[in-house]
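Asker: Just dropping this structure here.
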Amino acid sequence: MTTTVRIGIIGAGLAGNWHANMFSATGQAKVVAAADVNLERATDLVQKHGAGHAFTDYRTMIETGGLDAVSIATSNDMHHPAALAALAAGLHVFCEKPLALTLAQAEEMTAAAHRAGVVHGVHFIHRTRPYAALAQRLVAGGHLGELTHIRAEYLQDWLLNPATQMPLSAKLWRTSKATAGSGVLGDLGAHLLDMLRAFQVDVTAVSARLRVVEALHPGQATAETTDDHATLLLECANGALVQLTASRVSVGHSNHIQLLVQGSQGALQVDNERLNEVQVCAGPLALERRTWYTLAAEERDKLPSPVESFVQAIAHGTPASPNFDDGLWVQRVLDAAERSAATGERVVVTG
Ligand SMILES: NC(=O)c1ccc[n+]([C@@H]2O[C@H](COP(=O)([O-])OP(=O)(O)OC[C@H]3O[C@@H](n4cnc5c(N)ncnc54)[C@H](O)[C@@H]3O)[C@@H](O)[C@H]2O)c1
C-alpha cells in the first residue's frame with residue numbers, strides 16, 4: 001500500500017467538499033479524483049485539492065482512478081450502489097450517513113465490506129466532538145451509575161427559514177423518499193442514534209411518530225415526501241428510556257444538538273453550542289446539593305474524527321470507528337422507527 005492514501009470523492013456537493021478538506025488535513029491522504037453527475041462540481045473540487053481527475057461516472061473513477069479508497073458523499077440513494085462497486089474493486093470505503101435507504105441495503109453493504117476485508121467508515125461526526133467524547137468517558141467510567149433515561153434532540157430550521165444556507169438541490173433530494181429514504185429521521189435522527197450507540201446503549205424497542213408539514217411542500221405528493229419532524233420513544237435493554245426528537249422545522253435553531261443523560265448516581269448535559277464542555281451533577285455531595293458543575297474536555301478526552309480514524313485504520317490495518325457495523329445498528333433502529341410510525345405500533349428491534 002502507498003503511504004499516502006489516494007482518495008476518490010463520490011458526490012462533490014456540501015459533504016463531498018467537507019470530506020475532501022478533512023482528508024487533505026490529515027496529511028496522510030490525498031484527494032486524487034472526484035466523481036459527480038455535475039462535472040463542474042467534480043472539477044471544482046479536484047482543482048481545490050491539486051491536480052486530480054474529475055469524472056461524471058463514479059464507476060469509471062473506481063476502475064481507472066488509481067485509488068486506495070472512496071469517500072461517498074452523494075444523496076442517500078447512491079450510497080448502496082457506490083459502496084458495492086467500490087468494495088467489489090477492493091477499495092476501502094468511507095460513507096456518509098445514513099448508511100443506506102433501507103435496512104436490507106445496509107445489511108448487504110456491511111456484509112460486502114466484511115467479505116472484502118477492507119477498512120470501512122461512516123461519517124458519524126457528532127460522536128467524536130469533544131463534548132461527546134468526554135460524555136462517553138463519564139458514562140463508560142460509571143460516573144453516572146446505571147443509565148435511567150435520556151433526552152436527545154437535534155433541531156434545525158432549514159425547511160422553513162428563508163435565510164438558510166442549504167442549496168435548493170440539497171433540499172430537494174432530502175424531501176423525496178426516492179433519493180433520501182427517510183427525512184429528518186435518517187438525516188439528523190441517525191446522528192443521535194449513533195451518539196446513543198457510543199454510550200453503549202442497546203435499543204430493544206421503538207415507538208415513533210413522524211410528521212410531514214404539508215404546507216411546506218407545495219405541489220409534492222405527501223406519500224412521496226419525507227418526514228420533517230420525528231419523535232421516538234426508545235426502550236433499552238437495561239430498562240432505560242430515551243426520548244429522541246429530530247426536526248428540520250424548529251424555529252430559532254440552525255443546527256442544535258442537546259442531550260440530557262440521567263443515571264442512578266449522576267447526570268450530564270451537553271450542547272453542541274458549547275463544544276468543549278459537559279455539565280455534570282455526579283457524586284454523593286453533588287446529588288445531595290443538586291449541584292451542577294462544568295467539566296472542560298481536555299486533550300486526553302479527544303477522539304479522532306471519523307475521517308482521521310479511517311485514514312489511521314488503513315495505515316495500521318485496524319478497524320475504523322465509527323464503521324459500517326455502527327451504520328447498520330443505526331439503520332436497524334431507523335427501520336423499526338419507520339415501521340412503528342407506519343402502523344402506530346411499538347416495534348421490537350431485532351438483529
Ligand atoms: N455527517 C454529516 O454531518 C453530514 C452533513 C451533511 C450531509 N451529510 C450527508 O452527505 C450526503 C450528501 O449530502 P449533501 O448535503 O452534501 O448533498 P448535496 O446535494 O450538496 O451533494 C450531493 C452531491 O451528490 C451528487 N450526486 C448525486 N447522484 C450522484 C451520482 N450517481 N454520482 C455522483 N454524484 C452524484 C450531486 O450532484 C451532488 O453534487 C448525504 O448522505 C447526507 O446525509 C452528512
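Each chain in the C-alpha cells gets a letter, A, B, ..., in the order shown, and its residues are numbered from 1; ligands are numbered from 1 in order too.
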Neighbouring residues of ligand 1 are defined here as those with any atom at most 7 Å from a ligand atom, counting only C-alpha atoms and all ligand atoms; list them as a ChimeraX atom specification.

Answerer: /A:10-16,35-38,41,56-58,73-76,78,96-98,123-125,169-170,173,187

Asker: Residues of the last selection are to be written out with N, CA and C atoms, as a short mmCIF file (atom, residue, chain, number, x, y, z; two decimals), in the first residue's frame.

Answerer:
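The new file again37.cif reads:
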```cif
data_model
loop_
_atom_site.label_atom_id
_atom_site.label_comp_id
_atom_site.auth_asym_id
_atom_site.auth_seq_id
_atom_site.Cartn_x
_atom_site.Cartn_y
_atom_site.Cartn_z
N ILE A 10 -16.92 10.62 -4.12
CA ILE A 10 -18.12 10.40 -4.96
C ILE A 10 -19.22 11.31 -4.43
N GLY A 11 -19.57 12.31 -5.24
CA GLY A 11 -20.55 13.32 -4.81
C GLY A 11 -19.80 14.55 -4.32
N ALA A 12 -19.77 15.59 -5.15
CA ALA A 12 -18.95 16.77 -4.84
C ALA A 12 -19.81 17.96 -4.40
N GLY A 13 -20.79 17.69 -3.54
CA GLY A 13 -21.64 18.76 -3.00
C GLY A 13 -21.09 19.24 -1.67
N LEU A 14 -22.01 19.59 -0.76
CA LEU A 14 -21.61 20.12 0.54
C LEU A 14 -20.70 19.14 1.29
N ALA A 15 -21.20 17.92 1.48
CA ALA A 15 -20.45 16.94 2.26
C ALA A 15 -19.18 16.49 1.53
N GLY A 16 -19.25 16.37 0.20
CA GLY A 16 -18.07 15.93 -0.56
C GLY A 16 -16.91 16.90 -0.39
N ALA A 35 -15.94 12.30 -8.47
CA ALA A 35 -16.98 11.99 -9.46
C ALA A 35 -18.28 12.63 -9.01
N ASP A 36 -18.92 13.30 -9.95
CA ASP A 36 -20.24 13.87 -9.68
C ASP A 36 -20.98 13.92 -11.01
N VAL A 37 -22.28 13.63 -10.97
CA VAL A 37 -23.06 13.74 -12.21
C VAL A 37 -22.99 15.17 -12.74
N ASN A 38 -22.71 16.10 -11.86
CA ASN A 38 -22.48 17.50 -12.25
C ASN A 38 -20.96 17.68 -12.36
N ARG A 41 -19.02 20.52 -10.61
CA ARG A 41 -18.75 20.35 -9.17
C ARG A 41 -17.53 19.47 -8.93
N THR A 56 -17.71 12.03 -14.39
CA THR A 56 -19.17 12.12 -14.20
C THR A 56 -19.72 10.77 -13.75
N ASP A 57 -18.96 9.68 -13.99
CA ASP A 57 -19.44 8.34 -13.64
C ASP A 57 -18.50 7.75 -12.58
N TYR A 58 -19.04 7.50 -11.38
CA TYR A 58 -18.17 7.02 -10.30
C TYR A 58 -17.58 5.65 -10.62
N ALA A 73 -20.29 10.69 -0.74
CA ALA A 73 -21.00 11.86 -0.19
C ALA A 73 -22.11 12.30 -1.14
N THR A 74 -22.75 11.32 -1.74
CA THR A 74 -23.89 11.60 -2.63
C THR A 74 -25.17 11.68 -1.80
N SER A 75 -26.28 11.99 -2.47
CA SER A 75 -27.58 11.80 -1.85
C SER A 75 -27.67 10.33 -1.41
N ASN A 76 -28.56 10.05 -0.44
CA ASN A 76 -28.55 8.74 0.21
C ASN A 76 -28.80 7.58 -0.75
N MET A 78 -27.57 6.84 -3.53
CA MET A 78 -26.40 6.29 -4.22
C MET A 78 -25.38 5.65 -3.29
N GLU A 96 -21.11 8.43 3.86
CA GLU A 96 -21.94 9.34 4.64
C GLU A 96 -23.08 8.58 5.32
N LYS A 97 -23.71 9.24 6.28
CA LYS A 97 -24.87 8.70 6.97
C LYS A 97 -26.12 9.24 6.33
N PRO A 98 -27.28 8.62 6.47
CA PRO A 98 -27.43 7.25 6.96
C PRO A 98 -26.79 6.29 5.95
N HIS A 123 -19.54 8.49 8.42
CA HIS A 123 -19.27 9.85 8.88
C HIS A 123 -20.24 10.31 9.98
N PHE A 124 -20.24 9.56 11.07
CA PHE A 124 -21.00 9.99 12.26
C PHE A 124 -20.09 10.91 13.06
N ILE A 125 -20.03 12.15 12.64
CA ILE A 125 -19.05 13.10 13.20
C ILE A 125 -19.36 13.47 14.64
N SER A 169 -30.95 22.29 -4.48
CA SER A 169 -30.78 20.90 -4.93
C SER A 169 -30.64 19.96 -3.72
N ALA A 170 -29.93 20.41 -2.68
CA ALA A 170 -29.75 19.58 -1.49
C ALA A 170 -31.05 19.47 -0.70
N TRP A 173 -33.48 16.78 -2.78
CA TRP A 173 -33.29 15.33 -2.62
C TRP A 173 -33.63 14.90 -1.18
N ASP A 187 -31.70 11.75 8.55
CA ASP A 187 -30.71 12.82 8.37
C ASP A 187 -30.10 13.21 9.71
#
```

Asker: Would you return as a PyMOL selection string the members of range 110-347 of chain A that DSSP assigns to alpha helix (DSSP H) on this structure's backbone?

Answerer: chain A and resi 110-116+130-140+168-174+177-180+184+190-198+284-289+306-316+324-343

Asker: Please measure the separation of CA of Thr4 in chain A and CA of Glu299 in chain A, giving the value in Å to one decimal.

Answerer: 26.2 Å

Asker: Of the candidates A:Arg289, A:His92, A:Arg332, A:Arg59, which shows the shortest atom-to-atom distance to Gly186 in chain A, using only C-alpha atoms?

Answerer: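 That would be A:Arg332, the residue with the smallest distance to Gly186 in chain A.
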
Asker: For Ser309 in chain A, list every protein, DNA or RNA residue within 8 Å, evaluated using only C-alpha atoms, and leave out those in the same chain fewer than 5 positions away; present the list as a list in words.

Answerer: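 So the residues in contact are Pro304, Ala320 and Ser321 of chain A.
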
Asker: Take the residues that were just selected and, keeping all heavy atoms, output them as a compact mmCIF listing (two decimals), in the first residue's frame.

Answerer:
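Result written to again_9.txt:
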```txt
# COMPACT_ATOMS: atom_id res chain seq x y z
N PRO A 304 -10.28 10.75 17.56
CA PRO A 304 -10.06 11.13 16.17
C PRO A 304 -11.39 11.32 15.47
O PRO A 304 -12.39 10.66 15.82
CB PRO A 304 -9.30 9.93 15.58
CG PRO A 304 -9.51 8.80 16.53
CD PRO A 304 -9.82 9.38 17.87
N ALA A 320 -11.82 0.94 11.58
CA ALA A 320 -12.11 2.37 11.79
C ALA A 320 -13.29 2.48 12.74
O ALA A 320 -14.08 1.55 12.91
CB ALA A 320 -12.46 3.02 10.45
N SER A 321 -13.41 3.65 13.36
CA SER A 321 -14.55 3.92 14.24
C SER A 321 -15.03 5.35 14.01
O SER A 321 -14.21 6.27 14.07
CB SER A 321 -14.14 3.73 15.69
OG SER A 321 -15.18 4.14 16.55
```

Asker: I want to know what sits within 7 Å of range 30-34 of chain A, based on only C-alpha atoms, with residues of the same chain fewer than 5 positions away left out; could you give that as a VMD selection string?

Answerer: chain A and resid 4 to 10 12 20 23 to 24 42 46 49 52 to 55 65

Asker: Neighbouring residues of Leu192 in chain A were defined as those with any atom within 12 Å, considering only C-alpha atoms; residues of the same chain fewer than 2 positions away were excluded. Please report them as a compact mmCIF listing (two decimals) with N, CA, C and O atoms, in the first residue's frame.

Answerer:
```txt
# COMPACT_ATOMS: atom_id res chain seq x y z
N LYS A 97 -23.71 9.24 6.28
CA LYS A 97 -24.87 8.70 6.97
C LYS A 97 -26.12 9.24 6.33
O LYS A 97 -26.03 10.31 5.72
N PRO A 98 -27.28 8.62 6.47
CA PRO A 98 -27.43 7.25 6.96
C PRO A 98 -26.79 6.29 5.95
O PRO A 98 -26.68 6.62 4.78
N PHE A 124 -20.24 9.56 11.07
CA PHE A 124 -21.00 9.99 12.26
C PHE A 124 -20.09 10.91 13.06
O PHE A 124 -19.46 10.51 14.04
N ILE A 125 -20.03 12.15 12.64
CA ILE A 125 -19.05 13.10 13.20
C ILE A 125 -19.36 13.47 14.64
O ILE A 125 -18.46 13.72 15.45
N HIS A 126 -20.67 13.52 15.00
CA HIS A 126 -21.01 14.14 16.29
C HIS A 126 -20.53 13.33 17.49
O HIS A 126 -20.23 13.90 18.52
N ARG A 127 -20.45 12.00 17.36
CA ARG A 127 -19.95 11.23 18.50
C ARG A 127 -18.49 11.53 18.79
O ARG A 127 -17.99 11.17 19.86
N ALA A 132 -18.91 15.21 23.28
CA ALA A 132 -19.46 13.85 23.18
C ALA A 132 -18.43 12.83 23.67
O ALA A 132 -18.77 11.86 24.36
N ILE A 150 -32.80 9.21 29.00
CA ILE A 150 -32.02 10.15 28.17
C ILE A 150 -33.00 10.97 27.34
O ILE A 150 -34.00 10.43 26.84
N ARG A 151 -32.71 12.26 27.22
CA ARG A 151 -33.47 13.09 26.28
C ARG A 151 -32.47 13.60 25.24
O ARG A 151 -31.44 14.18 25.60
N ALA A 152 -32.74 13.32 23.98
CA ALA A 152 -31.81 13.69 22.90
C ALA A 152 -32.56 14.47 21.84
O ALA A 152 -33.59 14.01 21.35
N GLU A 153 -32.03 15.65 21.48
CA GLU A 153 -32.71 16.49 20.48
C GLU A 153 -31.70 16.98 19.45
O GLU A 153 -30.59 17.39 19.82
N TYR A 154 -32.12 16.93 18.20
CA TYR A 154 -31.32 17.54 17.13
C TYR A 154 -32.28 18.39 16.30
O TYR A 154 -33.16 17.86 15.62
N LEU A 155 -32.13 19.71 16.40
CA LEU A 155 -33.11 20.63 15.81
C LEU A 155 -32.47 21.53 14.76
O LEU A 155 -31.42 22.13 15.01
N VAL A 184 -35.95 13.72 8.11
CA VAL A 184 -35.12 14.17 9.23
C VAL A 184 -34.78 12.99 10.15
O VAL A 184 -33.76 13.02 10.84
N LEU A 185 -35.59 11.96 10.11
CA LEU A 185 -35.29 10.76 10.91
C LEU A 185 -33.90 10.21 10.57
O LEU A 185 -33.06 10.00 11.44
N GLY A 186 -33.67 9.99 9.25
CA GLY A 186 -32.37 9.44 8.83
C GLY A 186 -31.29 10.51 8.74
O GLY A 186 -30.10 10.21 8.86
N ASP A 187 -31.70 11.75 8.55
CA ASP A 187 -30.71 12.82 8.37
C ASP A 187 -30.10 13.21 9.71
O ASP A 187 -28.88 13.13 9.90
N LEU A 188 -30.94 13.60 10.66
CA LEU A 188 -30.45 14.05 11.97
C LEU A 188 -30.64 12.99 13.05
O LEU A 188 -29.80 12.83 13.95
N GLY A 189 -31.77 12.26 12.98
CA GLY A 189 -32.02 11.20 13.96
C GLY A 189 -30.89 10.17 13.96
O GLY A 189 -30.50 9.64 15.01
N ALA A 190 -30.35 9.87 12.77
CA ALA A 190 -29.26 8.89 12.68
C ALA A 190 -28.07 9.31 13.53
O ALA A 190 -27.43 8.48 14.18
N ASP A 194 -26.54 7.25 16.71
CA ASP A 194 -25.14 6.86 16.80
C ASP A 194 -24.51 7.37 18.10
O ASP A 194 -23.66 6.69 18.69
N MET A 195 -24.93 8.54 18.55
CA MET A 195 -24.41 9.06 19.83
C MET A 195 -24.84 8.14 20.98
O MET A 195 -24.08 7.90 21.93
N LEU A 196 -26.06 7.60 20.89
CA LEU A 196 -26.52 6.65 21.91
C LEU A 196 -25.68 5.38 21.84
O LEU A 196 -25.30 4.81 22.85
N ARG A 197 -25.41 4.93 20.61
CA ARG A 197 -24.60 3.71 20.46
C ARG A 197 -23.23 3.91 21.11
O ARG A 197 -22.68 2.99 21.72
N ALA A 198 -22.69 5.12 20.96
CA ALA A 198 -21.38 5.40 21.56
C ALA A 198 -21.44 5.36 23.09
O ALA A 198 -20.43 5.18 23.75
N PHE A 199 -22.64 5.51 23.66
CA PHE A 199 -22.83 5.34 25.12
C PHE A 199 -23.08 3.88 25.47
O PHE A 199 -23.42 3.58 26.62
N VAL A 201 -25.57 2.12 24.56
CA VAL A 201 -27.00 1.90 24.83
C VAL A 201 -27.51 0.87 23.83
O VAL A 201 -27.24 0.95 22.64
N ALA A 230 -39.54 14.18 13.72
CA ALA A 230 -39.62 12.79 14.21
C ALA A 230 -39.51 12.78 15.73
O ALA A 230 -38.62 13.43 16.30
N THR A 231 -40.41 12.07 16.37
CA THR A 231 -40.34 11.88 17.82
C THR A 231 -40.35 10.38 18.10
O THR A 231 -41.24 9.67 17.64
N LEU A 232 -39.33 9.91 18.84
CA LEU A 232 -39.18 8.48 19.10
C LEU A 232 -39.12 8.25 20.61
O LEU A 232 -38.52 9.05 21.34
N LEU A 234 -37.59 5.28 22.80
CA LEU A 234 -36.77 4.08 22.67
C LEU A 234 -36.70 3.37 24.02
O LEU A 234 -36.51 4.02 25.05
N VAL A 242 -35.50 6.41 26.32
CA VAL A 242 -34.92 7.54 25.60
C VAL A 242 -36.02 8.26 24.84
O VAL A 242 -36.78 7.64 24.10
N GLN A 243 -36.09 9.59 25.03
CA GLN A 243 -36.97 10.42 24.20
C GLN A 243 -36.07 11.08 23.16
O GLN A 243 -35.13 11.80 23.54
N LEU A 244 -36.35 10.84 21.90
CA LEU A 244 -35.47 11.38 20.85
C LEU A 244 -36.31 12.24 19.90
O LEU A 244 -37.36 11.80 19.43
N THR A 245 -35.86 13.45 19.63
CA THR A 245 -36.55 14.34 18.71
C THR A 245 -35.57 14.82 17.64
O THR A 245 -34.47 15.28 17.98
N ALA A 246 -35.97 14.71 16.39
CA ALA A 246 -35.18 15.27 15.28
C ALA A 246 -36.13 16.11 14.44
O ALA A 246 -37.26 15.68 14.17
N SER A 247 -35.68 17.30 14.07
CA SER A 247 -36.60 18.21 13.39
C SER A 247 -35.86 19.13 12.44
O SER A 247 -34.74 19.57 12.73
N HIS A 256 -28.79 22.50 16.15
CA HIS A 256 -28.66 22.43 17.60
C HIS A 256 -28.86 21.00 18.13
O HIS A 256 -29.92 20.40 17.95
N ILE A 257 -27.83 20.49 18.81
CA ILE A 257 -27.91 19.17 19.45
C ILE A 257 -27.88 19.38 20.96
O ILE A 257 -27.03 20.14 21.46
N GLN A 258 -28.77 18.70 21.66
CA GLN A 258 -28.78 18.77 23.12
C GLN A 258 -29.08 17.38 23.67
O GLN A 258 -30.02 16.73 23.18
N LEU A 259 -28.31 16.95 24.66
CA LEU A 259 -28.56 15.66 25.29
C LEU A 259 -28.58 15.81 26.81
O LEU A 259 -27.71 16.50 27.37
N LEU A 260 -29.54 15.18 27.45
CA LEU A 260 -29.56 15.07 28.91
C LEU A 260 -29.51 13.58 29.22
O LEU A 260 -30.38 12.82 28.76
N VAL A 330 -27.54 1.57 13.55
CA VAL A 330 -28.42 2.75 13.45
C VAL A 330 -29.56 2.46 12.48
O VAL A 330 -30.72 2.78 12.74
N VAL A 333 -32.51 0.61 13.89
CA VAL A 333 -33.42 1.42 14.70
C VAL A 333 -34.24 2.34 13.79
O VAL A 333 -35.45 2.53 14.01
N LEU A 334 -33.61 2.90 12.75
CA LEU A 334 -34.36 3.74 11.80
C LEU A 334 -35.48 2.93 11.16
O LEU A 334 -36.62 3.40 11.02
```

Asker: Have a look at A:Gly121, A:Leu39, A:Thr60, A:Ile72 and name the one nearest to Thr318 in chain A; count only C-alpha atoms.

Answerer: A:Gly121

Asker: Between A:Ala113, A:Ala178, A:Ala51, A:Leu91, which one has atoms that come closest to Leu67 in chain A, using only C-alpha atoms?

Answerer: A:Leu91

Asker: Sort by chain and increasing residue number a table of all residues of range 94-131 of chain A within 9 Å of range 266-281 of chain A, each with its closest pair of atoms and their distance in Å to one decimal, counting only C-alpha atoms, and write it as JSON lines.

Answerer:
```
{"residue": "A:His126", "atom": "CA", "partner": "A:Asn272", "partner_atom": "CA", "distance": 8.7}
{"residue": "A:Arg129", "atom": "CA", "partner": "A:Leu275", "partner_atom": "CA", "distance": 7.0}
{"residue": "A:Pro130", "atom": "CA", "partner": "A:Asn276", "partner_atom": "CA", "distance": 5.4}
{"residue": "A:Tyr131", "atom": "CA", "partner": "A:Asn276", "partner_atom": "CA", "distance": 5.1}
```

Asker: Please save all heavy atoms of the selected residues as a short mmCIF file (atom, residue, chain, number, x, y, z; two decimals), in the first residue's frame.

Answerer:
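Final file, result-v2.cif:
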```cif
data_model
loop_
_atom_site.label_atom_id
_atom_site.label_comp_id
_atom_site.auth_asym_id
_atom_site.auth_seq_id
_atom_site.Cartn_x
_atom_site.Cartn_y
_atom_site.Cartn_z
N HIS A 126 -20.67 13.52 15.00
CA HIS A 126 -21.01 14.14 16.29
C HIS A 126 -20.53 13.33 17.49
O HIS A 126 -20.23 13.90 18.52
CB HIS A 126 -22.51 14.43 16.36
CG HIS A 126 -22.91 15.46 15.36
ND1 HIS A 126 -22.49 16.78 15.44
CD2 HIS A 126 -23.63 15.38 14.21
CE1 HIS A 126 -22.96 17.46 14.41
NE2 HIS A 126 -23.65 16.63 13.65
N ARG A 129 -17.11 14.68 18.64
CA ARG A 129 -16.89 16.04 19.13
C ARG A 129 -16.38 15.98 20.58
O ARG A 129 -16.75 15.05 21.32
CB ARG A 129 -18.19 16.85 19.09
CG ARG A 129 -18.80 17.01 17.70
CD ARG A 129 -17.95 17.85 16.81
NE ARG A 129 -18.67 18.23 15.59
CZ ARG A 129 -18.07 18.60 14.47
NH1 ARG A 129 -16.75 18.62 14.40
NH2 ARG A 129 -18.77 18.95 13.42
N PRO A 130 -15.60 16.98 21.01
CA PRO A 130 -15.01 16.90 22.37
C PRO A 130 -16.05 16.68 23.47
O PRO A 130 -15.84 15.86 24.37
CB PRO A 130 -14.33 18.26 22.52
CG PRO A 130 -14.06 18.73 21.13
CD PRO A 130 -15.14 18.16 20.26
N TYR A 131 -17.20 17.39 23.43
CA TYR A 131 -18.21 17.21 24.48
C TYR A 131 -18.75 15.78 24.49
O TYR A 131 -18.99 15.19 25.54
CB TYR A 131 -19.36 18.23 24.34
CG TYR A 131 -20.27 18.00 23.15
CD1 TYR A 131 -21.32 17.11 23.22
CD2 TYR A 131 -20.07 18.68 21.95
CE1 TYR A 131 -22.15 16.89 22.11
CE2 TYR A 131 -20.88 18.48 20.86
CZ TYR A 131 -21.92 17.58 20.94
OH TYR A 131 -22.73 17.34 19.86
#
```
